[in-house]
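Colleague: my_file.txt is the file, holding compact mmCIF, C-alpha atoms and all ligand atoms:
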```
# COMPACT_ATOMS: atom_id res chain seq x y z
CA MET A 1 -27.41 31.09 1.79
CA SER A 2 -24.53 28.89 2.86
CA GLN A 3 -21.75 28.19 0.40
CA PRO A 4 -22.33 24.89 -1.48
CA ALA A 5 -19.78 22.09 -1.52
CA VAL A 6 -17.35 21.85 -4.42
CA TYR A 7 -16.98 18.08 -3.99
CA ARG A 8 -19.62 15.44 -4.56
CA ARG A 9 -17.71 12.57 -2.93
CA ILE A 10 -14.69 12.62 -0.64
CA LEU A 11 -12.51 10.04 1.02
CA LEU A 12 -11.25 11.15 4.41
CA LYS A 13 -8.25 9.35 5.91
CA LEU A 14 -8.08 9.54 9.70
CA SER A 15 -5.10 8.01 11.43
CA GLY A 16 -5.60 5.95 14.54
CA GLU A 17 -3.51 8.51 16.40
CA ALA A 18 -6.03 11.22 15.53
CA LEU A 19 -8.55 9.35 17.69
CA MET A 20 -6.31 9.45 20.78
CA GLY A 21 -6.72 13.17 21.37
CA ALA A 22 -4.25 14.22 24.03
CA GLY A 23 -3.89 10.62 25.25
CA THR A 24 -1.13 8.17 24.39
CA ASP A 25 -3.30 5.34 23.09
CA GLY A 26 -6.89 4.18 22.78
CA ILE A 27 -9.83 6.34 21.75
CA ASP A 28 -10.88 9.68 23.24
CA PRO A 29 -14.71 9.73 23.06
CA ASP A 30 -14.84 13.53 22.93
CA VAL A 31 -12.48 13.65 19.96
CA LEU A 32 -14.46 10.94 18.21
CA ASP A 33 -17.66 12.91 18.80
CA ARG A 34 -16.06 16.07 17.37
CA TYR A 35 -15.02 14.25 14.18
CA ALA A 36 -18.50 12.71 13.91
CA ARG A 37 -20.04 16.21 14.12
CA ASP A 38 -17.69 17.47 11.42
CA ILE A 39 -18.74 14.57 9.20
CA ARG A 40 -22.41 15.31 9.86
CA ASP A 41 -21.80 18.88 8.69
CA LEU A 42 -20.33 17.58 5.42
CA LEU A 43 -23.36 15.35 4.81
CA ALA A 44 -25.64 18.32 5.42
CA LEU A 45 -23.94 20.00 2.45
CA GLY A 46 -24.78 16.98 0.30
CA VAL A 47 -21.25 15.55 0.24
CA GLN A 48 -20.88 11.77 0.12
CA VAL A 49 -18.32 10.73 2.74
CA ALA A 50 -16.15 7.62 2.86
CA LEU A 51 -13.64 7.17 5.66
CA VAL A 52 -10.52 5.09 6.00
CA ILE A 53 -9.42 4.81 9.63
CA GLY A 54 -5.98 3.72 10.78
CA GLY A 55 -5.12 1.61 13.79
CA GLY A 56 -1.87 3.08 15.09
CA ASN A 57 -3.50 4.10 18.38
CA LEU A 58 -3.87 0.39 19.17
CA PHE A 59 -1.48 -1.81 17.16
CA ARG A 60 0.92 -1.56 14.27
CA GLY A 61 2.41 -4.69 12.68
CA ALA A 62 5.88 -3.19 12.38
CA GLY A 63 5.90 -2.23 16.08
CA LEU A 64 4.77 -5.68 17.15
CA ALA A 65 7.37 -7.32 14.86
CA ALA A 66 10.10 -5.16 16.42
CA ARG A 67 9.22 -6.83 19.72
CA GLY A 68 9.51 -10.32 18.21
CA MET A 69 6.07 -11.09 16.81
CA ASP A 70 5.65 -12.59 13.36
CA ARG A 71 5.09 -9.60 11.04
CA VAL A 72 2.08 -11.00 9.24
CA THR A 73 0.37 -11.79 12.56
CA GLY A 74 1.21 -8.26 13.70
CA ASP A 75 -0.30 -6.81 10.56
CA HIS A 76 -3.44 -8.88 11.10
CA MET A 77 -3.67 -7.36 14.59
CA GLY A 78 -3.13 -3.90 13.10
CA MET A 79 -5.95 -4.44 10.61
CA LEU A 80 -8.25 -5.67 13.37
CA ALA A 81 -7.32 -2.54 15.34
CA THR A 82 -8.60 -0.42 12.44
CA LEU A 83 -11.85 -2.37 12.60
CA MET A 84 -12.25 -1.49 16.29
CA ASN A 85 -11.71 2.19 15.51
CA ALA A 86 -14.18 1.95 12.64
CA LEU A 87 -16.83 0.44 14.92
CA ALA A 88 -16.27 3.24 17.43
CA MET A 89 -16.72 5.84 14.68
CA GLN A 90 -19.87 4.10 13.39
CA ASP A 91 -21.24 4.23 16.92
CA ALA A 92 -20.34 7.92 17.38
CA LEU A 93 -22.11 8.74 14.11
CA ALA A 94 -25.16 6.65 15.07
CA ARG A 95 -25.47 8.69 18.30
CA LEU A 96 -25.84 11.76 16.09
CA ASP A 97 -28.43 9.96 13.94
CA VAL A 98 -25.98 9.73 11.06
CA ALA A 99 -26.29 6.45 9.15
CA ALA A 100 -22.92 4.78 8.64
CA ARG A 101 -21.75 1.35 7.58
CA VAL A 102 -18.44 -0.29 8.38
CA LEU A 103 -17.18 -2.27 5.40
CA SER A 104 -14.24 -4.48 6.32
CA ALA A 105 -11.59 -5.74 3.91
CA LEU A 106 -11.32 -8.78 6.22
CA PRO A 107 -14.73 -10.47 6.53
CA VAL A 108 -16.09 -10.51 10.10
CA ALA A 109 -19.67 -11.36 9.21
CA GLN A 110 -21.19 -11.05 12.68
CA VAL A 111 -19.74 -7.60 13.20
CA CYS A 112 -20.01 -5.69 9.94
CA GLU A 113 -20.40 -5.96 6.20
CA SER A 114 -17.46 -6.94 4.01
CA TYR A 115 -15.94 -4.38 1.70
CA ASP A 116 -17.33 -4.58 -1.80
CA ARG A 117 -17.03 -1.63 -4.16
CA ARG A 118 -20.61 -1.80 -5.41
CA ARG A 119 -21.92 -2.03 -1.87
CA ALA A 120 -19.81 0.96 -0.86
CA LEU A 121 -21.18 2.99 -3.77
CA ARG A 122 -24.76 2.04 -2.94
CA HIS A 123 -24.37 3.18 0.67
CA LEU A 124 -22.76 6.44 -0.43
CA GLU A 125 -25.53 7.13 -2.92
CA LYS A 126 -28.06 6.63 -0.12
CA GLY A 127 -26.26 9.26 1.95
CA ARG A 128 -24.66 6.82 4.39
CA VAL A 129 -21.12 7.28 5.61
CA VAL A 130 -18.95 4.36 4.48
CA ILE A 131 -16.21 3.46 6.95
CA CYS A 132 -13.60 1.28 5.26
CA ALA A 133 -11.93 -0.95 7.83
CA ALA A 134 -9.04 -3.45 7.85
CA GLY A 135 -7.02 -1.43 5.35
CA THR A 136 -6.43 -3.28 2.10
CA GLY A 137 -6.93 -6.65 3.81
CA ASN A 138 -3.29 -7.54 3.13
CA PRO A 139 -0.22 -7.46 5.36
CA PHE A 140 2.71 -5.17 4.52
CA PHE A 141 0.39 -2.35 3.50
CA THR A 142 -0.76 0.70 5.42
CA THR A 143 -4.08 2.43 5.80
CA ASP A 144 -2.62 5.33 3.79
CA SER A 145 -2.31 2.95 0.85
CA ALA A 146 -5.82 1.68 1.59
CA ALA A 147 -7.06 5.28 1.53
CA SER A 148 -5.52 5.90 -1.92
CA LEU A 149 -6.88 2.61 -3.21
CA ARG A 150 -10.42 3.17 -1.92
CA ALA A 151 -10.48 6.81 -3.08
CA ILE A 152 -9.61 5.69 -6.61
CA GLU A 153 -11.99 2.71 -6.54
CA ILE A 154 -15.03 4.70 -5.43
CA GLY A 155 -14.25 7.63 -7.71
CA ALA A 156 -13.76 10.19 -4.93
CA ASP A 157 -13.17 13.76 -6.09
CA VAL A 158 -10.42 14.18 -3.53
CA LEU A 159 -8.53 12.23 -0.90
CA ILE A 160 -8.24 14.24 2.30
CA LYS A 161 -5.52 13.17 4.68
CA ALA A 162 -6.36 14.53 8.11
CA THR A 163 -3.29 15.15 10.23
CA LYS A 164 -2.15 17.15 13.25
CA VAL A 165 -0.34 19.76 11.12
CA ASP A 166 -1.85 22.22 8.70
CA GLY A 167 -0.20 20.88 5.55
CA ILE A 168 3.02 19.66 4.00
CA TYR A 169 6.23 21.37 5.12
CA SER A 170 9.73 21.35 3.65
CA ALA A 171 10.93 20.05 7.06
CA ASP A 172 9.38 19.28 10.43
CA PRO A 173 7.96 22.68 11.49
CA LEU A 174 8.19 21.73 15.18
CA ARG A 175 11.97 21.23 14.89
CA ASP A 176 12.99 23.55 12.07
CA PRO A 177 11.77 27.18 12.29
CA THR A 178 12.82 27.79 8.65
CA ALA A 179 10.43 25.10 7.37
CA ILE A 180 7.98 26.41 4.78
CA ARG A 181 4.51 25.12 4.05
CA TYR A 182 3.64 24.19 0.48
CA SER A 183 0.14 25.20 -0.53
CA ARG A 184 0.52 23.21 -3.76
CA ILE A 185 3.10 20.55 -4.56
CA SER A 186 3.52 17.73 -7.09
CA TYR A 187 3.46 14.02 -6.27
CA ASP A 188 6.97 13.76 -7.74
CA GLN A 189 8.34 16.47 -5.45
CA VAL A 190 6.81 14.72 -2.44
CA LEU A 191 8.52 11.49 -3.54
CA ARG A 192 11.84 13.12 -4.49
CA GLU A 193 12.17 14.99 -1.21
CA ALA A 194 10.74 12.08 0.80
CA LEU A 195 8.32 14.47 2.51
CA GLN A 196 6.38 12.88 5.36
CA VAL A 197 2.93 12.93 3.82
CA MET A 198 1.89 9.34 3.16
CA ASP A 199 3.98 6.29 2.35
CA THR A 200 5.42 5.89 -1.15
CA THR A 201 2.87 3.29 -2.29
CA ALA A 202 0.02 5.62 -1.37
CA ILE A 203 1.55 8.62 -3.17
CA VAL A 204 2.39 6.61 -6.28
CA LEU A 205 -1.16 5.26 -6.48
CA CYS A 206 -2.56 8.79 -6.26
CA ARG A 207 -0.08 10.03 -8.86
CA ASP A 208 -0.75 7.22 -11.33
CA HIS A 209 -4.51 7.70 -11.10
CA GLN A 210 -4.55 11.52 -10.79
CA MET A 211 -6.23 11.43 -7.40
CA PRO A 212 -5.88 14.91 -5.85
CA LEU A 213 -4.63 14.72 -2.30
CA ARG A 214 -5.27 17.37 0.37
CA VAL A 215 -3.35 17.35 3.63
CA MET A 216 -4.99 19.36 6.40
CA ASN A 217 -5.21 19.79 10.16
CA ILE A 218 -8.28 17.97 11.42
CA ASN A 219 -8.05 19.73 14.79
CA GLU A 220 -8.59 23.22 13.35
CA PRO A 221 -12.27 23.95 14.03
CA GLY A 222 -14.36 24.26 10.87
CA ALA A 223 -11.42 23.56 8.53
CA LEU A 224 -12.92 20.44 6.97
CA LEU A 225 -16.16 22.21 6.19
CA ARG A 226 -14.34 25.18 4.66
CA LEU A 227 -12.22 22.81 2.60
CA VAL A 228 -15.20 21.08 1.00
CA ARG A 229 -16.66 24.52 0.28
CA GLY A 230 -13.62 25.19 -1.85
CA GLU A 231 -11.29 27.09 0.46
CA ASP A 232 -7.61 26.56 -0.20
CA ILE A 233 -6.80 24.85 3.09
CA GLY A 234 -3.64 22.91 3.95
CA SER A 235 -1.59 21.54 1.05
CA LEU A 236 -2.77 20.17 -2.27
CA VAL A 237 -0.78 17.43 -4.01
CA VAL A 238 -1.41 17.16 -7.74
CA SER A 239 0.58 16.38 -10.92
N1 LIG B 301 -2.31 -2.83 8.07
C1 LIG B 301 -2.05 -3.86 7.17
N2 LIG B 301 -2.54 -3.76 5.90
C2 LIG B 301 -3.25 -2.68 5.46
C3 LIG B 301 -3.49 -1.63 6.38
C4 LIG B 301 -3.00 -1.73 7.67
O1 LIG B 301 -1.40 -4.84 7.50
O2 LIG B 301 -3.68 -2.66 4.30
C5 LIG B 301 -1.86 -2.99 9.46
C6 LIG B 301 -0.41 -2.57 9.66
O3 LIG B 301 0.17 -3.40 10.63
C7 LIG B 301 -0.55 -1.15 10.19
C8 LIG B 301 -1.78 -1.28 11.06
O4 LIG B 301 -2.63 -2.15 10.31
O5 LIG B 301 0.57 -0.73 10.93
C9 LIG B 301 -2.50 0.01 11.36
O6 LIG B 301 -2.57 0.81 10.20
P1 LIG B 301 -1.71 2.15 10.04
O7 LIG B 301 -0.35 1.97 10.64
O8 LIG B 301 -1.76 2.55 8.62
O9 LIG B 301 -2.56 3.15 10.94
P2 LIG B 301 -2.40 4.71 11.21
O10 LIG B 301 -0.93 5.04 11.19
O11 LIG B 301 -3.12 5.42 10.10
O12 LIG B 301 -3.07 4.92 12.53
```
Turn the structure described in the file into structure tokens.
Modeller:
Amino acid sequence: MSQPAVYRRILLKLSGEALMGAGTDGIDPDVLDRYARDIRDLLALGVQVALVIGGGNLFRGAGLAARGMDRVTGDHMGMLATLMNALAMQDALARLDVAARVLSALPVAQVCESYDRRRALRHLEKGRVVICAAGTGNPFFTTDSAASLRAIEIGADVLIKATKVDGIYSADPLRDPTAIRYSRISYDQVLREALQVMDTTAIVLCRDHQMPLRVMNINEPGALLRLVRGEDIGSLVVS
């Protein structure tokens, strides 16, 4: 018999860049399909899955502001970019017959439902994937902070930050061959050493609400499934 899941409910944070695949922007449909299949495998184990998707593959407020745009307008564009990614993921899941609902922190009534905690919980309990879009709905925040916030709000057992590297390193492993990977690290050490995991707001929220954070490589085949079955994959951030 296959190994059961150790988590009942997870929140998976996917950056916009993760959707680009080998490209430099936009969405790679094959990559999206691969993530959708991974998510379907988690549901098959009985895990409730909420997603927070970034928008960095399309727009980031800070990048737009650096080129002269008003920052708040740029952040609005960034949040709408996350909504586009969320719709693409909902569609990829639907093609696999996986029920999913985009819940947006910015209401766009004709396109998707608005985020509401009770609604999110109801969808999760019915086995639907909840895709949280538009971050927190506020400028000057990131989707990492939105992921921490939503994970805490919905009572996720773990927040999984999917990245392109297999965990948290003492330095950039691509540039520094002496960099070591932490299999377990505290929130305070991440903050003290300014390790590139998530932004400070996101880490502090997790720390203050004891939300365990796993950082793992989403491109390693089968890793997500093994993680929810209890394998010690990537890096774990706890108190
Ligand atoms: N954003 C925002 N408020 C939020 C979340 C996101 O204003 O609560 C905007 C911000 O401009 C950000 C962009 O949306 O740069 C895309 O999100 P993010 O940079 O976190 O995406 P990722 O790096 O995960 O792809």
Colleague: Hey, can you check how far CA of Asp91 in chain A sits from CA of Arg37 in chain A?
Modeller: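 Going from CA of Asp91 in chain A over to CA of Arg37 in chain A covers 12.4 Å.
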Colleague: 6 Å from ligand LIG 301 (chain B) is the threshold here; counting only C-alpha atoms and all ligand atoms, which polymer residues fall inside it? Answer as number ranges by chain.
Modeller: A: 15-17, 54-57, 60-62, 74-76, 78-79, 135-144, 146
Colleague: With distances taken over all atoms listed in the file, which of A:Ala223, A:Tyr182, A:Val158, A:Thr201 is nearest to Tyr7 in chain A?
Modeller: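 Ranked by minimum distance to Tyr7 in chain A, first place goes to A:Val158.
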Colleague: Check the smallest atom-to-atom distance from each of A:Ala81, A:Ala99, A:Met216, A:Ala92 to Arg34 in chain A using all atoms listed in the file, then report the winner.
Modeller: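 Selected residue with least distance to Arg34 in chain A: A:Ala92.
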Colleague: What does the structure give for the distance between CA of Phe59 in chain A and CA of Leu236 in chain A, in Å to one decimal?
Modeller: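 About the pair CA of Phe59 in chain A and CA of Leu236 in chain A: they are 29.4 Å apart.
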Colleague: Between A:Ile154, A:Ile27, A:Leu149, A:Ile233, single out the one closest to Cys206 in chain A, counting all atoms listed in the file.
Modeller: A:Leu149
Colleague: Between A:Asp188, A:Glu193, A:Asp28, A:Asp116, which one has atoms that come closest to Val238 in chain A, using all atoms listed in the file?
Modeller: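 Of A:Asp188, A:Glu193, A:Asp28, A:Asp116, the one nearest Val238 in chain A, counting all atoms listed in the file, is A:Asp188.
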Colleague: In Å to one decimal, how far is CA of Ala50 in chain A from CA of Thr73 in chain A?
Modeller: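 Calculated distance between CA of Thr73 in chain A and CA of Ala50 in chain A is 27.3 Å.
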Colleague: Do a neighbour search on Val52 in chain A at 8 Å with all atoms listed in the file, toss out local chain neighbours closer than 6 positions, and write the hits as a ChimeraX atom specification.
Modeller: /A:11-14,131-133,135,143,146-147
Colleague: Tell me which protein, DNA and RNA residues are within 10 Å of Leu224 in chain A, counting all atoms listed in the file, leaving out same-chain ones fewer than 2 positions away, and put them as an MDAnalysis selection string.
Modeller: chainID A and resid 12 35 38:39 41:42 160 162 216:222 226:229 231 233
Colleague: I need the residue nearest Ala94 in chain A from this list: A:Val129, A:Arg175, A:Ser114, A:Met77. Use all atoms listed in the file for the distance.
Modeller: A:Val129
Colleague: Identify, on the basis of all atoms listed in the file, every residue whose closest approach to Leu205 in chain A does not exceed 9 Å; exclude the query and any residue fewer than 3 positions from it along the same chain; express the result as a PyMOL selection string.
Modeller: chain A and resi 145+148-149+152+200-202+208-211
Colleague: Give the answer as one residue: which of A:Gln196, A:Thr82, A:Gln110, A:Gln48 has the shortest atom-to-atom distance to Arg128 in chain A, using all atoms listed in the file?
Modeller: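 Selected residue with least distance to Arg128 in chain A: A:Gln48.
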Colleague: Within 9 Å of (-0.9, 22.2, -5.3) in the file's own coordinates, which protein, DNA or RNA residues have an atom, counting only C-alpha atoms? List them as a PDB file with C-alpha atoms, in the frame of the given file.
Modeller:
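See point.pdb below for the written result:
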```
ATOM      1  CA  TYR A 182       3.640  24.190   0.480  1.00  0.00           C
ATOM      2  CA  SER A 183       0.140  25.200  -0.530  1.00  0.00           C
ATOM      3  CA  ARG A 184       0.520  23.210  -3.760  1.00  0.00           C
ATOM      4  CA  ILE A 185       3.100  20.550  -4.560  1.00  0.00           C
ATOM      5  CA  SER A 186       3.520  17.730  -7.090  1.00  0.00           C
ATOM      6  CA  PRO A 212      -5.880  14.910  -5.850  1.00  0.00           C
ATOM      7  CA  LEU A 213      -4.630  14.720  -2.300  1.00  0.00           C
ATOM      8  CA  ARG A 214      -5.270  17.370   0.370  1.00  0.00           C
ATOM      9  CA  SER A 235      -1.590  21.540   1.050  1.00  0.00           C
ATOM     10  CA  LEU A 236      -2.770  20.170  -2.270  1.00  0.00           C
ATOM     11  CA  VAL A 237      -0.780  17.430  -4.010  1.00  0.00           C
ATOM     12  CA  VAL A 238      -1.410  17.160  -7.740  1.00  0.00           C
ATOM     13  CA  SER A 239       0.580  16.380 -10.920  1.00  0.00           C
TER      14      SER A 239
END
```
Colleague: Which residues, written as a ChimeraX atom specification, have at least one atom at most 8 Å from Arg8 in chain A, with all atoms listed in the file counted and residues fewer than 4 positions away on the same chain left out?
Modeller: /A:46-48,156-157
Colleague: Tell me which protein, DNA and RNA residues are within 9 Å of Cys112 in chain A, counting only C-alpha atoms, leaving out same-chain ones fewer than 2 positions away, and put them as a list in words.
Modeller: Leu87, Arg101, Val102, Leu103, Ser104, Pro107, Val108, Ala109, Gln110 and Ser114 of chain A
